[in-house]
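Comments concern the structure below.
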Amino acid sequence: MSSDSEKETVEKKPEESKPTETKPPEKPSTAKPDAPKPAAAKPAPAKKPAPAKKEPELPAFEKGVADKIIEKFGEKTTISFVKPDRVGIKVGREDIHNVAEFARDTLNYDHVDSVAGVDYPADKEIEVVYHLSSYTDPTLSRQILELATRAQREEDPIPGNDATKLPSLRDIFYSVEFHEREIFEMLGVYFEGHPDNRRLLLPEDWADLPPLRKDFRNKGR
Amino acid sequence: MSSPTLPPGLAIQKADERIMTLNVGPQHPGSGHMRIIVQIDGDYIVACDPDPGYVHRGEEKMAEYRNYTLNVPHLERPVIHDSCNILYPYVLAAEELLGLEISERAKYVRVIASELNRCIYTQYWLAIYGIFLGHSTMFMWPAGDRELLIDLMEKMTGARVTHSYFIPGGIRNDLPANFEDVCLRQVNYFEKRIKEYADVFYNNPILISRTEKTGILTRENAIKLGTTGSVLRASGIDYDVRKKEPYDVYDELDFETNVMKSGDSYARSRIPWLDMMESCRIIRDALQKMPKSGSVRVKLKPNPKGELGSVYKRVESGRGALGCYIVSDKKVEPYRVKLSVPSFRNLIALPHLLIGEKLGNMPSVYWSLNYWPVEADR
């Protein structure tokens, strides 16, 4: 796996330039779907009050968490959203291991709440979202850190033997063990470094597509 | 592990003269709808491999074909005895995506329904726990007292077990007339009854000798394995989503969380019982603070579309933190629904607890995990 990267403790600098950096990804995500101008004006009044009211007080802590990760990893990570109690970070698949290690050692996240796999056939990618949470750090008890990373998706999957692979986080967060096994069988993402990549819920002789992929259709639907 | 000729997921095991492999379940009633492959050396378990999946129904896949309201009846199926609580995170997440504001009264009614359901679930689990320890009275009493609350839920929702009561936008129907009085009376009687369980069960020396100091989960392991709910709180970590991240009106209600330090089967079996008393307290408090009238449901447009993005919500169910992650792509159906269920999260602790235990202690350890196989499989 990755060699132990030297970890200089990141001094958090309260810089004013950071907020402007984190805001843009939030806004396009709400305004992106509506390309024409008149349509974009419609959701704005409905959504404006909520962020505008909470922006000054609530997400300050969340922004701090996001900024620490951005400060450490720079362009390798992007913030997908900063909401009250929720921070979403997108990470490349080569860096997910280091970012998770940083989240555990420096940011005190100690277990995963959930690991979700989402199939995006249009992008030819499969996203794996780790929801990190903490029992030991009382300041993080409300917080969920979403680390999302994407694996390459193959049209004709041979689970375990194709390019749909990600590094396993089992050595960092022990609690991902069964979650990663589930994603391997349900979406065909092979986790390299996972000690036990067997089927969990599906029958041993399942020979169809991984069932949570979008091209696996339920019968009769 | 697996030889190169076999596809990943399959492995050949060598037979051993000393170590015996036992398949406990899925037909054996002692395991629920799952198989636990245990290897025993004499009387002691040396390896344990839980094998769930016998009741996997693809709830998450089914949710991608139905709109936000139609998902309600089938998403409660994984754990029908706790159906309000398994719907809770889904409904909270759907409401955020659909941009719905819920009335105050609906929030209180939800809390009452959710706490009644927690008691119903815990009573069912306690009955099973009792009978698997050979305590028949502890099967009969909870199964009988549970009926009180089921009748109450029937008055409230119209169904005895599968309520489908929570929907995006509030609750399906308002409370019947003079429900508050009936509820208060029943809950008070219920609390009096469950306090009697202490004499027959929790202070029973036979129970204590069978569960104390068996299947110890240390504080460090409980954190490392990411366990949740009663398993976590029995290991000395005070973490309850209702307190730490209050949803709906839990921050206005008066209750405490129960924590025990020992981390053994006894602590894990006692915590849900103590939680039931807190539930009674919450219900009484909520009945008092609840607005006496008002709408309980936001009228939805047919086929509402969720806004673009993702939401992760979690609640405390009868077994632990239950999360729901919904990804929406502005369609009528959610793009992806992921249920992060406590049974699945606690399952990882099973090998850690069983290895080194005697085979005879397996039921007391396994059922103390507050594990519901159908929920873990989804």
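Within each chain, counting starts at residue 1; across the structure tokens, chains are named A, B, ... in the order shown, with ligands numbered 1 upward in that order.
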
Using only C-alpha atoms, tabulate the residues of chain A lying at most 6 Å from any atom of chain B, each with its closest atom pair and that distance in Å to one decimal, by chain and increasing residue number, as JSON lines.
```
{"residue": "A:His111", "atom": "CA", "partner": "B:Gly226", "partner_atom": "CA", "distance": 5.2}
{"residue": "A:Ser114", "atom": "CA", "partner": "B:Ser340", "partner_atom": "CA", "distance": 5.4}
{"residue": "A:Arg142", "atom": "CA", "partner": "B:Glu245", "partner_atom": "CA", "distance": 5.2}
{"residue": "A:Tyr174", "atom": "CA", "partner": "B:Leu225", "partner_atom": "CA", "distance": 5.9}
{"residue": "A:Ser175", "atom": "CA", "partner": "B:Leu225", "partner_atom": "CA", "distance": 4.6}
{"residue": "A:Arg198", "atom": "CA", "partner": "B:Gly9", "partner_atom": "CA", "distance": 3.9}
{"residue": "A:Arg199", "atom": "CA", "partner": "B:Gly9", "partner_atom": "CA", "distance": 5.3}
{"residue": "A:Leu201", "atom": "CA", "partner": "B:Gly53", "partner_atom": "CA", "distance": 3.8}
```

Need the shell around Ile80 of chain B: protein/DNA/RNA residues with any atom at most 10 Å away, counting only C-alpha atoms. Skip same-chain ones fewer than 6 positions apart. Format as a PyMOL selection string? chain B and resi 74+86+117+121+161-164+374-375

Keeping only C-alpha atoms, write the selected residues as a CSV table (one decimal), in the first residue's frame.
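Listed below is the output, part18.csv:
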```csv
chain,number,residue,atom,x,y,z
B,74,HIS,CA,-41.6,-1.6,0.9
B,86,ILE,CA,-36.5,2.3,9.6
B,117,ASN,CA,-42.2,1.1,17.8
B,121,TYR,CA,-39.3,-4.1,18.7
B,161,VAL,CA,-47.2,-4.3,12.4
B,162,THR,CA,-46.5,-2.8,9.0
B,163,HIS,CA,-47.7,0.7,9.6
B,164,SER,CA,-46.4,2.7,6.6
B,374,VAL,CA,-33.7,-9.5,7.7
B,375,GLU,CA,-32.6,-6.0,8.3
```

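For Asn108 of chain A, the non-local neighbours within 8 Å, defined as residues at least 6 positions apart in the same chain or in other chains and counting only C-alpha atoms, are Ser134, Thr136 and Asp137 of chain A.
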
Please identify which residues in segment 263-327 of chain B DSSP calls alpha helix (DSSP H) from the backbone, and express them as number ranges by chain. B: 265-289

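Across the model, the gap from atom CA of Trp125 of chain B to atom CA of Gln186 of chain B is 20.3 Å.
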
Between atom CA of Asp254 of chain B and atom CA of Ala94 of chain B, what distance in Å does the model show, to one decimal? 27.4 Å
